[in-house]
>>> print(open('final-v5.cif').read())   # mmCIF, C-alpha atoms
data_entry
loop_
_atom_site.group_PDB
_atom_site.id
_atom_site.type_symbol
_atom_site.label_atom_id
_atom_site.label_comp_id
_atom_site.auth_asym_id
_atom_site.auth_seq_id
_atom_site.Cartn_x
_atom_site.Cartn_y
_atom_site.Cartn_z
ATOM 1 C CA MET A 5 1.919 -23.495 2.733
ATOM 2 C CA MET A 6 0.925 -22.413 -0.759
ATOM 3 C CA ASP A 7 -2.088 -23.862 -2.547
ATOM 4 C CA GLU A 8 -2.548 -22.693 -6.138
ATOM 5 C CA LYS A 9 -5.955 -24.418 -6.253
ATOM 6 C CA ARG A 10 -7.312 -21.540 -4.141
ATOM 7 C CA ILE A 11 -6.800 -19.229 -7.133
ATOM 8 C CA LYS A 12 -9.872 -19.824 -9.261
ATOM 9 C CA GLY A 13 -9.650 -17.087 -11.914
ATOM 10 C CA GLU A 14 -7.352 -16.671 -14.895
ATOM 11 C CA VAL A 15 -3.992 -15.237 -13.901
ATOM 12 C CA THR A 16 -1.827 -12.809 -15.864
ATOM 13 C CA VAL A 17 1.873 -12.131 -15.309
ATOM 14 C CA ASP A 18 3.359 -8.643 -15.430
ATOM 15 C CA THR A 19 7.015 -7.690 -15.041
ATOM 16 C CA PHE A 20 8.760 -4.734 -13.419
ATOM 17 C CA PHE A 21 12.293 -3.384 -13.310
ATOM 18 C CA ASP A 22 13.343 -4.818 -16.689
ATOM 19 C CA GLY A 23 11.851 -8.211 -15.868
ATOM 20 C CA ARG A 24 13.536 -8.566 -12.497
ATOM 21 C CA VAL A 25 10.219 -8.678 -10.613
ATOM 22 C CA ARG A 26 7.271 -10.811 -11.792
ATOM 23 C CA VAL A 27 3.751 -10.200 -10.532
ATOM 24 C CA ARG A 28 0.800 -12.555 -10.977
ATOM 25 C CA GLN A 29 -2.660 -10.990 -10.903
ATOM 26 C CA ASP A 30 -6.215 -12.205 -11.318
ATOM 27 C CA ARG A 31 -7.343 -11.067 -14.752
ATOM 28 C CA ALA A 32 -10.944 -10.433 -13.646
ATOM 29 C CA GLY A 33 -10.375 -9.582 -9.978
ATOM 30 C CA TYR A 34 -8.612 -6.733 -8.211
ATOM 31 C CA ARG A 35 -5.577 -5.464 -10.116
ATOM 32 C CA PHE A 36 -3.160 -2.927 -8.713
ATOM 33 C CA SER A 37 -2.774 0.494 -10.326
ATOM 34 C CA ILE A 38 -0.148 3.230 -10.459
ATOM 35 C CA ASP A 39 -1.268 4.169 -6.918
ATOM 36 C CA ALA A 40 0.648 1.184 -5.525
ATOM 37 C CA VAL A 41 3.849 2.041 -7.381
ATOM 38 C CA VAL A 42 3.664 5.658 -6.186
ATOM 39 C CA LEU A 43 3.076 4.523 -2.600
ATOM 40 C CA ALA A 44 6.025 2.102 -2.637
ATOM 41 C CA HIS A 45 8.271 4.839 -4.019
ATOM 42 C CA HIS A 46 7.337 7.356 -1.335
ATOM 43 C CA ALA A 47 7.437 4.930 1.595
ATOM 44 C CA ARG A 48 11.251 4.897 1.459
ATOM 45 C CA ALA A 49 12.057 2.043 3.829
ATOM 46 C CA HIS A 50 15.519 2.101 5.379
ATOM 47 C CA ALA A 51 17.915 -0.828 5.624
ATOM 48 C CA GLY A 52 17.008 -2.906 8.667
ATOM 49 C CA ASP A 53 13.430 -1.631 8.869
ATOM 50 C CA LYS A 54 10.566 -3.913 9.769
ATOM 51 C CA VAL A 55 7.661 -2.998 7.473
ATOM 52 C CA LEU A 56 3.950 -3.758 7.682
ATOM 53 C CA ASP A 57 1.961 -3.644 4.421
ATOM 54 C CA LEU A 58 -1.757 -3.485 5.246
ATOM 55 C CA GLY A 59 -4.067 -4.861 2.542
ATOM 56 C CA THR A 60 -1.269 -6.117 0.325
ATOM 57 C CA GLY A 61 -3.497 -7.583 -2.418
ATOM 58 C CA CYS A 62 -1.194 -9.509 -4.758
ATOM 59 C CA GLY A 63 1.790 -8.156 -2.809
ATOM 60 C CA ILE A 64 2.916 -5.442 -5.223
ATOM 61 C CA VAL A 65 3.936 -2.801 -2.650
ATOM 62 C CA SER A 66 5.818 -5.371 -0.578
ATOM 63 C CA LEU A 67 7.597 -6.731 -3.663
ATOM 64 C CA VAL A 68 8.723 -3.287 -4.825
ATOM 65 C CA MET A 69 9.932 -2.287 -1.373
ATOM 66 C CA ALA A 70 11.800 -5.557 -0.830
ATOM 67 C CA TYR A 71 13.400 -5.252 -4.277
ATOM 68 C CA ARG A 72 14.497 -1.690 -3.613
ATOM 69 C CA ARG A 73 15.706 -2.420 -0.085
ATOM 70 C CA PRO A 74 16.833 -6.061 0.266
ATOM 71 C CA ALA A 75 17.749 -5.528 3.937
ATOM 72 C CA VAL A 76 14.147 -5.044 5.129
ATOM 73 C CA ALA A 77 11.675 -7.478 6.658
ATOM 74 C CA VAL A 78 8.133 -7.042 5.323
ATOM 75 C CA TYR A 79 4.915 -8.441 6.766
ATOM 76 C CA ALA A 80 2.240 -8.345 4.060
ATOM 77 C CA VAL A 81 -1.318 -8.588 5.415
ATOM 78 C CA GLU A 82 -4.290 -9.668 3.316
ATOM 79 C CA VAL A 83 -7.734 -10.825 4.501
ATOM 80 C CA GLN A 84 -9.007 -12.178 1.164
ATOM 81 C CA GLY A 85 -7.780 -15.749 0.771
ATOM 82 C CA GLU A 86 -7.339 -15.798 -3.002
ATOM 83 C CA LEU A 87 -5.337 -12.569 -2.971
ATOM 84 C CA ALA A 88 -3.222 -13.790 -0.057
ATOM 85 C CA GLU A 89 -2.405 -16.908 -2.074
ATOM 86 C CA LEU A 90 -1.412 -14.788 -5.063
ATOM 87 C CA ALA A 91 0.844 -12.745 -2.778
ATOM 88 C CA ARG A 92 2.524 -15.922 -1.495
ATOM 89 C CA LEU A 93 3.091 -17.159 -5.042
ATOM 90 C CA ASN A 94 4.530 -13.795 -6.071
ATOM 91 C CA VAL A 95 6.888 -13.809 -3.102
ATOM 92 C CA ALA A 96 8.056 -17.318 -4.011
ATOM 93 C CA ASP A 97 8.363 -16.538 -7.734
ATOM 94 C CA ASN A 98 10.652 -13.633 -6.891
ATOM 95 C CA GLN A 99 12.615 -15.605 -4.289
ATOM 96 C CA MET A 100 11.819 -13.115 -1.545
ATOM 97 C CA GLN A 101 10.671 -15.588 1.142
ATOM 98 C CA ASP A 102 13.533 -14.393 3.351
ATOM 99 C CA ARG A 103 12.242 -10.801 3.171
ATOM 100 C CA ILE A 104 8.438 -11.007 2.910
ATOM 101 C CA THR A 105 6.008 -12.911 5.134
ATOM 102 C CA VAL A 106 2.369 -13.024 4.040
ATOM 103 C CA LEU A 107 -0.164 -12.974 6.880
ATOM 104 C CA GLU A 108 -3.660 -14.033 5.861
ATOM 105 C CA THR A 109 -5.727 -12.305 8.507
ATOM 106 C CA ASP A 110 -8.064 -9.426 9.269
ATOM 107 C CA MET A 111 -5.791 -6.479 10.001
ATOM 108 C CA ASN A 112 -7.955 -5.608 13.004
ATOM 109 C CA GLN A 113 -6.692 -8.818 14.625
ATOM 110 C CA LEU A 114 -3.033 -7.851 14.287
ATOM 111 C CA GLN A 115 -0.889 -7.660 17.391
ATOM 112 C CA PRO A 116 2.855 -6.861 17.640
ATOM 113 C CA SER A 117 3.521 -10.472 18.642
ATOM 114 C CA MET A 118 2.492 -11.501 15.098
ATOM 115 C CA THR A 119 5.331 -9.440 13.590
ATOM 116 C CA SER A 120 8.006 -10.290 16.176
ATOM 117 C CA GLY A 121 7.348 -6.986 17.912
ATOM 118 C CA PRO A 122 6.429 -3.452 16.812
ATOM 119 C CA VAL A 123 7.335 -2.302 13.304
ATOM 120 C CA ASP A 124 9.206 0.729 11.987
ATOM 121 C CA LEU A 125 7.004 1.504 8.993
ATOM 122 C CA VAL A 126 3.363 0.871 8.083
ATOM 123 C CA VAL A 127 2.222 1.330 4.478
ATOM 124 C CA CYS A 128 -1.326 1.078 3.183
ATOM 125 C CA ASN A 129 -3.192 1.663 -0.072
ATOM 126 C CA PRO A 130 -6.665 1.623 1.497
ATOM 127 C CA PRO A 131 -10.162 1.611 0.017
ATOM 128 C CA TYR A 132 -10.992 5.223 -0.833
ATOM 129 C CA ARG A 133 -14.790 5.110 -0.677
ATOM 130 C CA ARG A 134 -17.048 4.938 2.355
ATOM 131 C CA ARG A 135 -19.322 1.956 2.605
ATOM 132 C CA GLY A 136 -22.656 2.809 1.003
ATOM 133 C CA SER A 137 -21.245 5.558 -1.236
ATOM 134 C CA GLY A 138 -21.457 4.960 -4.970
ATOM 135 C CA ARG A 139 -21.902 1.740 -6.887
ATOM 136 C CA ILE A 140 -20.400 -1.400 -5.379
ATOM 137 C CA ASN A 141 -18.434 -3.412 -7.925
ATOM 138 C CA PRO A 142 -19.991 -6.864 -8.447
ATOM 139 C CA ASN A 143 -16.513 -8.434 -8.307
ATOM 140 C CA ARG A 144 -15.844 -9.103 -4.618
ATOM 141 C CA GLN A 145 -12.084 -8.473 -4.789
ATOM 142 C CA ARG A 146 -12.563 -5.113 -6.477
ATOM 143 C CA ALA A 147 -15.409 -4.124 -4.165
ATOM 144 C CA VAL A 148 -13.341 -4.764 -1.024
ATOM 145 C CA ALA A 149 -10.372 -2.863 -2.503
ATOM 146 C CA ARG A 150 -12.455 0.209 -3.372
ATOM 147 C CA HIS A 151 -15.056 0.449 -0.599
ATOM 148 C CA GLU A 152 -14.748 0.259 3.187
ATOM 149 C CA ILE A 153 -16.368 -3.177 3.370
ATOM 150 C CA LYS A 154 -13.770 -5.109 5.366
ATOM 151 C CA VAL A 155 -12.005 -2.185 7.045
ATOM 152 C CA ASN A 156 -12.457 1.579 7.323
ATOM 153 C CA LEU A 157 -10.100 4.535 7.673
ATOM 154 C CA ARG A 158 -10.445 4.758 11.456
ATOM 155 C CA GLU A 159 -9.565 1.084 11.879
ATOM 156 C CA ILE A 160 -6.556 1.301 9.547
ATOM 157 C CA ILE A 161 -5.046 4.187 11.480
ATOM 158 C CA GLN A 162 -5.739 2.499 14.805
ATOM 159 C CA VAL A 163 -3.947 -0.619 13.560
ATOM 160 C CA ALA A 164 -0.992 1.490 12.407
ATOM 161 C CA ARG A 165 -0.729 3.205 15.797
ATOM 162 C CA ARG A 166 -0.933 -0.117 17.647
ATOM 163 C CA MET A 167 1.720 -1.789 15.495
ATOM 164 C CA LEU A 168 4.274 1.032 15.224
ATOM 165 C CA ASN A 169 7.268 1.739 17.426
ATOM 166 C CA PRO A 170 7.341 5.254 18.910
ATOM 167 C CA GLY A 171 8.854 7.346 16.138
ATOM 168 C CA GLY A 172 7.673 4.833 13.533
ATOM 169 C CA ARG A 173 6.165 6.069 10.263
ATOM 170 C CA PHE A 174 2.814 5.576 8.557
ATOM 171 C CA VAL A 175 2.633 6.244 4.803
ATOM 172 C CA THR A 176 -0.490 6.013 2.664
ATOM 173 C CA ILE A 177 -2.005 7.182 -0.612
ATOM 174 C CA TYR A 178 -5.597 8.306 -0.331
ATOM 175 C CA ALA A 179 -8.430 10.157 -2.036
ATOM 176 C CA ALA A 180 -7.729 13.889 -2.055
ATOM 177 C CA GLN A 181 -11.351 14.702 -1.261
ATOM 178 C CA ARG A 182 -10.956 12.861 2.054
ATOM 179 C CA LEU A 183 -7.755 14.617 3.103
ATOM 180 C CA THR A 184 -9.414 16.296 6.096
ATOM 181 C CA ASP A 185 -10.694 12.913 7.292
ATOM 182 C CA ILE A 186 -7.283 11.281 7.273
ATOM 183 C CA LEU A 187 -5.389 14.190 8.837
ATOM 184 C CA THR A 188 -7.930 14.528 11.633
ATOM 185 C CA ARG A 189 -7.912 10.808 12.356
ATOM 186 C CA MET A 190 -4.113 10.559 12.280
ATOM 187 C CA ARG A 191 -3.651 13.335 14.798
ATOM 188 C CA HIS A 192 -6.364 11.804 17.006
ATOM 189 C CA GLU A 193 -4.408 8.535 17.029
ATOM 190 C CA CYS A 194 -1.057 10.258 17.745
ATOM 191 C CA LEU A 195 0.273 9.716 14.226
ATOM 192 C CA GLU A 196 1.311 13.301 13.606
ATOM 193 C CA PRO A 197 1.047 14.273 9.900
ATOM 194 C CA LYS A 198 4.507 15.263 8.674
ATOM 195 C CA PHE A 199 4.309 15.110 4.854
ATOM 196 C CA ILE A 200 1.678 15.733 2.175
ATOM 197 C CA ARG A 201 2.026 15.525 -1.593
ATOM 198 C CA THR A 202 -0.852 15.911 -4.024
ATOM 199 C CA VAL A 203 -1.071 13.586 -7.041
ATOM 200 C CA HIS A 204 -2.491 14.847 -10.348
ATOM 201 C CA ALA A 205 -3.270 12.962 -13.554
ATOM 202 C CA ASP A 206 -1.647 15.745 -15.610
ATOM 203 C CA TYR A 207 -0.581 19.386 -15.430
ATOM 204 C CA GLN A 208 -4.136 20.695 -15.864
ATOM 205 C CA ALA A 209 -5.989 18.309 -13.535
ATOM 206 C CA ASP A 210 -7.053 18.830 -9.961
ATOM 207 C CA ALA A 211 -5.551 16.452 -7.418
ATOM 208 C CA LYS A 212 -7.427 13.162 -7.174
ATOM 209 C CA LEU A 213 -5.016 11.505 -4.751
ATOM 210 C CA VAL A 214 -2.728 12.562 -1.952
ATOM 211 C CA ILE A 215 0.298 10.936 -0.350
ATOM 212 C CA VAL A 216 0.301 11.387 3.416
ATOM 213 C CA ALA A 217 2.989 10.385 5.901
ATOM 214 C CA GLY A 218 2.943 10.683 9.662
ATOM 215 C CA THR A 219 5.130 9.787 12.616
ATOM 216 C CA LYS A 220 3.953 8.195 15.828
ATOM 217 C CA GLU A 221 4.144 10.553 18.826
ATOM 218 C CA ALA A 222 5.996 13.242 16.862
ATOM 219 C CA ARG A 223 5.788 16.986 17.352
ATOM 220 C CA PRO A 224 3.713 19.082 14.915
ATOM 221 C CA GLY A 225 5.431 20.270 11.754
ATOM 222 C CA LEU A 226 4.204 19.541 8.252
ATOM 223 C CA LYS A 227 5.983 19.552 4.867
ATOM 224 C CA LEU A 228 3.807 20.238 1.820
ATOM 225 C CA ALA A 229 5.803 18.839 -1.100
ATOM 226 C CA SER A 230 5.639 19.830 -4.770
ATOM 227 C CA PRO A 231 2.825 18.124 -6.732
ATOM 228 C CA LEU A 232 3.339 14.813 -8.498
ATOM 229 C CA PHE A 233 2.066 14.697 -12.091
ATOM 230 C CA LEU A 234 1.516 11.237 -13.571
ATOM 231 C CA TYR A 235 1.208 12.007 -17.299
ATOM 232 C CA ASP A 236 2.794 14.604 -19.580
ATOM 233 C CA GLU A 237 1.167 16.510 -22.445
ATOM 234 C CA ASN A 238 1.649 13.489 -24.752
ATOM 235 C CA GLY A 239 -0.148 11.120 -22.394
ATOM 236 C CA ASP A 240 3.085 9.366 -21.386
ATOM 237 C CA TYR A 241 4.317 8.939 -17.847
ATOM 238 C CA THR A 242 6.300 11.951 -16.675
ATOM 239 C CA ALA A 243 10.044 11.555 -16.162
ATOM 240 C CA GLU A 244 9.572 11.287 -12.405
ATOM 241 C CA VAL A 245 7.045 8.471 -12.714
ATOM 242 C CA GLN A 246 9.166 6.669 -15.308
ATOM 243 C CA GLN A 247 11.990 6.669 -12.796
ATOM 244 C CA MET A 248 9.803 4.735 -10.362
ATOM 245 C CA PHE A 249 9.787 1.784 -12.778
ATOM 246 C CA LYS A 250 13.540 1.693 -13.379
ATOM 247 C CA PRO A 251 15.746 -0.918 -11.642
#
>>> encode(input="final-v5.cif", output="structure tokens")
Amino acid sequence: MMDEKRIKGEVTVDTFFDGRVRVRQDRAGYRFSIDAVVLAHHARAHAGDKVLDLGTGCGIVSLVMAYRRPAVAVYAVEVQGELAELARLNVADNQMQDRITVLETDMNQLQPSMTSGPVDLVVCNPPYRRRGSGRINPNRQRAVARHEIKVNLREIIQVARRMLNPGGRFVTIYAAQRLTDILTRMRHECLEPKFIRTVHADYQADAKLVIVAGTKEARPGLKLASPLFLYDENGDYTAEVQQMFKP
């Protein structure tokens, strides 16, 4: 049951896909970035897939995936109550209740019984920074999104392994400087890395982010894709990124 009274801050409304998807966000709290759009694009759910979105925030990745692939079932997990409520409202606003179920829970408590059995795809835009590294944002929503306060990388990958079918896929976007950490942990948890793509702000910049995909219990064999550049020489989104926003 939705309860808008749980949302205490001022809310803004953004639109995607020529106004076909509306997204409410807390003006002062955590707000999604281009990272989420890039992740949703690369996750590439298939018709009939059961998808688990870990740390959904306002639900943006789930909304984009469900819009792109109407024949998927998405379970969107969020531990922070106010964000979970925003996700529920966004699902309702976009009339996607038949495709997206919001679970307000700690992802470490997830069991396959909570998603009607194992899932085919797990997506996650996790906090990039270790707990205790750098300045903690005074806004609680933003702090939890950026630092490993509620969940860390090891726990996320363990949850993905536990919830996936054999042959199921895990797709994430992560800090490039922690690439070794995520690859090592994925292989340790039998999520074999199969795809890597670096993400650069522009043609001159080093990679700040990396898209990583792995398959549960797969054989070794890794594809290193061409880089993704977000902005062109004029400071506009590149043609590839612009395509991610088109209906």
>>> residues_around(input="final-v5.cif", residues="Gly52 of chain A", least_positions_apart="4", cutoff="10 Å", atoms="all atoms listed in the file", output="list in words")
Arg73, Pro74, Ala75, Val76, Ala77 and Asp124 of chain A
>>> closest_residue(input="final-v5.cif", among="A:Leu58, A:Val163, A:Val17, A:Met118", to="Asp97 of chain A", atoms="all atoms listed in the file")
A:Val17
>>> closest_residue(input="final-v5.cif", among="A:Arg191, A:His204, A:His50, A:Arg173", to="Gly218 of chain A", atoms="all atoms listed in the file")
A:Arg173
>>> atom_distance(input="final-v5.cif", atom1="atom CA of Gln208 of chain A", atom2="atom CA of Leu226 of chain A")
25.5 Å
>>> residues_near_point(input="final-v5.cif", point="(8.7, 10.1, -10.6)", cutoff="10 Å", atoms="all atoms listed in the file", output="compact mmCIF listing (two decimals) with C-alpha atoms, keeping the file's coordinate frame")
# COMPACT_ATOMS: atom_id res chain seq x y z
CA VAL A 41 3.85 2.04 -7.38
CA VAL A 42 3.66 5.66 -6.19
CA HIS A 45 8.27 4.84 -4.02
CA HIS A 46 7.34 7.36 -1.34
CA LEU A 232 3.34 14.81 -8.50
CA PHE A 233 2.07 14.70 -12.09
CA LEU A 234 1.52 11.24 -13.57
CA TYR A 241 4.32 8.94 -17.85
CA THR A 242 6.30 11.95 -16.68
CA ALA A 243 10.04 11.56 -16.16
CA GLU A 244 9.57 11.29 -12.40
CA VAL A 245 7.04 8.47 -12.71
CA GLN A 246 9.17 6.67 -15.31
CA GLN A 247 11.99 6.67 -12.80
CA MET A 248 9.80 4.74 -10.36
CA PHE A 249 9.79 1.78 -12.78
>>> atom_distance(input="final-v5.cif", atom1="atom CA of Leu56 of chain A", atom2="atom CA of Val126 of chain A")
4.7 Å
>>> residues_around(input="final-v5.cif", residues="Ala47 of chain A", least_positions_apart="5", cutoff="10 Å", atoms="all atoms listed in the file", output="number ranges by chain")
A: 42, 55, 65, 69, 125-128, 173-177, 215-217
>>> atom_distance(input="final-v5.cif", atom1="atom CA of Glu196 of chain A", atom2="atom CA of Asn112 of chain A")
21.1 Å
>>> resolve_selection(input="final-v5.cif", expression="the PyMOL selection byres ((chain A and resi 108) around 6)", output="number ranges by chain")
A: 81-83, 88, 107, 109
